[in-house]
Amino acid sequence: MKKIKNIIVLYPSFERGGATANLINFVNACDKKKIKIYLITNITRKDQKKLFNNSIKIIKIDDRSNTNSFRRFYTSIFSSLKLIKLLKSIETKNSLVFSFQSHILPILITKLFGRKIIFRNSEDIIGATKYAENKLTAYLIFFLKLLFYNFSDGIITNSTKSKESLDKIIMKKKTKLIFNPYLKKIDKNKKIKKRKYILSVGRLCKQKNQKIIIKAFSIFTQKYPNYKLILIGHGPDKKILINFCKKLNIKRNIIFKGWIKNPKNYYLNSKVLIFPSLYEGLPNTLIDAINYNLPCISSRCSGAEDILTKKFGIFTPHDDPKFLAKKIEFVIKNYRNVNLNVLRIKKKLNRFLIQSQTSKYLSYCEDVLK
């Protein structure tokens, strides 16, 4: 097995979210193992100093785009130009390219240079296409992935369902399931008296499906009027969701907190987390909730069963608010037994520790270099 020396990591659009947290953890862990990392991204200098080890070589993309819709296209093109320049200067032996975002151009570039490239696929590709807001763009992206992923040297995916989706479109069996390198440690929390909070954490958008949460909560509050729903996250649907709360006449019971850097206290103080996403990869939100001893009610989106387990997880359809309202009531009425199951789930969280999962990433990279 070849010992890996250099990894060129592509992450053109540096954004908030779980994927970025996994990137930071992986890159810093590799650096500690004395692997030379070249990171191509549009990160700001402030974030660079705050988030990454000093020895990591950052190849910065100047982000001149003014709109979010154009930013990903822009950063993809200019990161590819940076990649070409970098490949000319780095020796081929014991090095590879690792794309943390699913852009197509790097595959073509690495093939021209005779290099190997691994992709990290962070979502259920079929679910993402099925539930996309812009169907035309979604099907175009699906077609491009179908075509070009088959030319990559390896694909790491982060959940059982995501792997099953990929295996349907990848001709050679080159996908590898490795869970996110996300958790620094398993939290040992003392028992905290919970408040009457129902919690939702995630970007305010169609994918995260907050409308169903709000509908279910409006039904739930008919019996439990003293509860509050706390929505943590930012996104394009914020005004739509606020107006929806007004329409249902429950705005006084719902708190929009926006994006919060560290929502730990909300996990610790809430009674239950609701997570009815239409599709995911491996949701770090569920990992955090279990790590902080918070019961979860989730859709069966990709990654949910991997984290919550089939045996102990509490699941709901993503389109049935009445069913979800009953599940919330069930958790409240059976809180002691539900908490015991949370502790059973928590015993399996070591599958998401940074050190162990980074080692699996690197082992796969070395296998690809054979």
# chains A, B, ... in the order shown; residues from 1 in each chain; ligands from 1
call {"tool": "residues_around", "arguments": {"residues": "segment 176-180 of chain A", "least_positions_apart": "3", "cutoff": "8 Å", "atoms": "only C-alpha atoms", "output": "CSV table (one decimal) with N, CA and C atoms, in the first residue's frame"}}
result
chain,number,residue,atom,x,y,z
A,22,ASN,N,-17.2,19.0,8.4
A,22,ASN,CA,-16.4,17.8,8.1
A,22,ASN,C,-15.1,18.0,7.3
A,154,GLY,N,-12.5,7.1,-7.4
A,154,GLY,CA,-13.1,6.6,-6.2
A,154,GLY,C,-14.1,7.6,-5.7
A,155,ILE,N,-15.2,7.1,-5.0
A,155,ILE,CA,-16.2,8.0,-4.4
A,155,ILE,C,-16.5,7.6,-3.0
A,156,ILE,N,-16.3,8.6,-2.1
A,156,ILE,CA,-16.7,8.3,-0.7
A,156,ILE,C,-18.1,8.9,-0.4
A,157,THR,N,-19.0,8.1,0.1
A,157,THR,CA,-20.3,8.6,0.5
A,157,THR,C,-20.5,8.3,2.0
A,158,ASN,N,-21.5,9.1,2.5
A,158,ASN,CA,-21.5,9.1,4.0
A,158,ASN,C,-22.8,8.5,4.7
A,159,SER,N,-23.6,7.8,3.9
A,159,SER,CA,-24.7,7.1,4.5
A,159,SER,C,-25.1,5.9,3.6
A,160,THR,N,-25.8,4.9,4.2
A,160,THR,CA,-26.2,3.7,3.5
A,160,THR,C,-27.1,4.0,2.3
A,163,LYS,N,-25.3,5.6,-0.5
A,163,LYS,CA,-24.5,4.6,-1.3
A,163,LYS,C,-25.4,3.8,-2.2
A,282,LEU,N,-25.6,12.7,5.5
A,282,LEU,CA,-25.6,12.2,6.8
A,282,LEU,C,-25.8,13.4,7.7
A,351,ARG,N,-18.8,5.9,15.9
A,351,ARG,CA,-18.7,5.8,14.5
A,351,ARG,C,-18.5,7.1,13.7
A,352,PHE,N,-18.7,8.2,14.4
A,352,PHE,CA,-18.6,9.5,13.8
A,352,PHE,C,-17.5,10.4,14.4
A,353,LEU,N,-16.6,9.8,15.1
A,353,LEU,CA,-15.5,10.5,15.7
A,353,LEU,C,-14.4,10.9,14.6
A,354,ILE,N,-13.9,12.0,14.8
A,354,ILE,CA,-13.0,12.6,13.7
A,354,ILE,C,-11.8,11.7,13.5
A,357,GLN,N,-12.7,8.2,11.7
A,357,GLN,CA,-13.2,8.3,10.4
A,357,GLN,C,-12.2,8.9,9.4
A,360,LYS,N,-10.1,6.1,8.2
A,360,LYS,CA,-10.7,5.4,7.2
A,360,LYS,C,-10.7,6.1,5.8
A,361,TYR,N,-10.8,7.4,5.8
A,361,TYR,CA,-10.7,8.2,4.6
A,361,TYR,C,-9.3,8.0,4.0
call {"tool": "select_by_dssp", "arguments": {"residues": "segment 148-351 of chain A", "states": "strand (DSSP E or B)", "output": "count of residues only"}}
result
32
call {"tool": "residues_around", "arguments": {"residues": "Leu229 of chain A", "least_positions_apart": "4", "cutoff": "7 Å", "atoms": "only C-alpha atoms", "output": "compact mmCIF listing (two decimals) with N, CA and C atoms, in the first residue's frame"}}
result
# COMPACT_ATOMS: atom_id res chain seq x y z
N TYR A 197 -39.54 23.20 25.07
CA TYR A 197 -39.09 23.63 23.76
C TYR A 197 -39.11 22.45 22.79
N ILE A 198 -39.65 22.68 21.62
CA ILE A 198 -39.51 21.78 20.48
C ILE A 198 -38.49 22.44 19.56
N LEU A 199 -37.48 21.70 19.13
CA LEU A 199 -36.35 22.29 18.41
C LEU A 199 -36.27 21.81 16.97
N ASN A 253 -46.03 31.40 19.55
CA ASN A 253 -45.42 30.18 20.08
C ASN A 253 -44.15 29.76 19.32
N ILE A 254 -43.77 30.53 18.30
CA ILE A 254 -42.64 30.13 17.46
C ILE A 254 -41.56 31.21 17.48
N ILE A 255 -40.32 30.78 17.67
CA ILE A 255 -39.19 31.70 17.75
C ILE A 255 -38.20 31.37 16.64
call {"tool": "closest_residue", "arguments": {"among": "A:Asn265, A:Gln210, A:Thr285, A:Asn150", "to": "Ile240 of chain A", "atoms": "only C-alpha atoms"}}
result
A:Gln210
call {"tool": "residues_around", "arguments": {"residues": "Leu286 of chain A", "least_positions_apart": "2", "cutoff": "9 Å", "atoms": "only C-alpha atoms", "output": "PyMOL selection string"}}
result
chain A and resi 273+275+282-284+288-291+296+298+304+307-308
call {"tool": "write_last_selection", "arguments": {"atoms": "N, CA and C atoms", "output": "short mmCIF file (atom, residue, chain, number, x, y, z; two decimals), in the first residue's frame"}}
result
data_model
loop_
_atom_site.label_atom_id
_atom_site.label_comp_id
_atom_site.auth_asym_id
_atom_site.auth_seq_id
_atom_site.Cartn_x
_atom_site.Cartn_y
_atom_site.Cartn_z
N LEU A 273 -36.12 17.10 19.27
CA LEU A 273 -35.71 17.68 17.98
C LEU A 273 -36.57 17.07 16.88
N PHE A 275 -36.92 16.57 12.76
CA PHE A 275 -36.05 16.60 11.59
C PHE A 275 -36.72 15.85 10.42
N LEU A 282 -25.64 12.67 5.46
CA LEU A 282 -25.62 12.17 6.83
C LEU A 282 -25.79 13.40 7.72
N PRO A 283 -26.98 13.62 8.27
CA PRO A 283 -27.26 14.89 8.98
C PRO A 283 -26.53 15.03 10.31
N ASN A 284 -25.58 15.96 10.35
CA ASN A 284 -24.84 16.22 11.59
C ASN A 284 -25.75 16.70 12.71
N ASP A 288 -25.48 15.63 16.61
CA ASP A 288 -25.38 16.58 17.73
C ASP A 288 -26.49 16.35 18.75
N ALA A 289 -27.71 16.15 18.25
CA ALA A 289 -28.85 15.97 19.16
C ALA A 289 -28.64 14.76 20.07
N ILE A 290 -28.25 13.64 19.48
CA ILE A 290 -28.02 12.44 20.29
C ILE A 290 -26.84 12.64 21.24
N ASN A 291 -25.81 13.31 20.76
CA ASN A 291 -24.64 13.56 21.61
C ASN A 291 -25.00 14.39 22.84
N CYS A 296 -35.01 12.52 19.20
CA CYS A 296 -35.23 13.01 17.84
C CYS A 296 -36.41 12.30 17.20
N SER A 298 -37.50 11.91 13.28
CA SER A 298 -36.93 12.20 11.96
C SER A 298 -37.69 11.49 10.86
N ALA A 304 -30.48 9.05 8.40
CA ALA A 304 -31.24 9.06 9.66
C ALA A 304 -31.18 7.70 10.36
N ILE A 307 -27.76 6.89 11.91
CA ILE A 307 -27.48 7.57 13.18
C ILE A 307 -28.40 7.09 14.30
N LEU A 308 -29.71 7.11 14.05
CA LEU A 308 -30.70 6.81 15.09
C LEU A 308 -30.94 5.31 15.27
#
call {"tool": "closest_residue", "arguments": {"among": "A:Lys211, A:His318, A:Lys161, A:Lys93", "to": "Ser299 of chain A", "atoms": "only C-alpha atoms"}}
result
A:His318
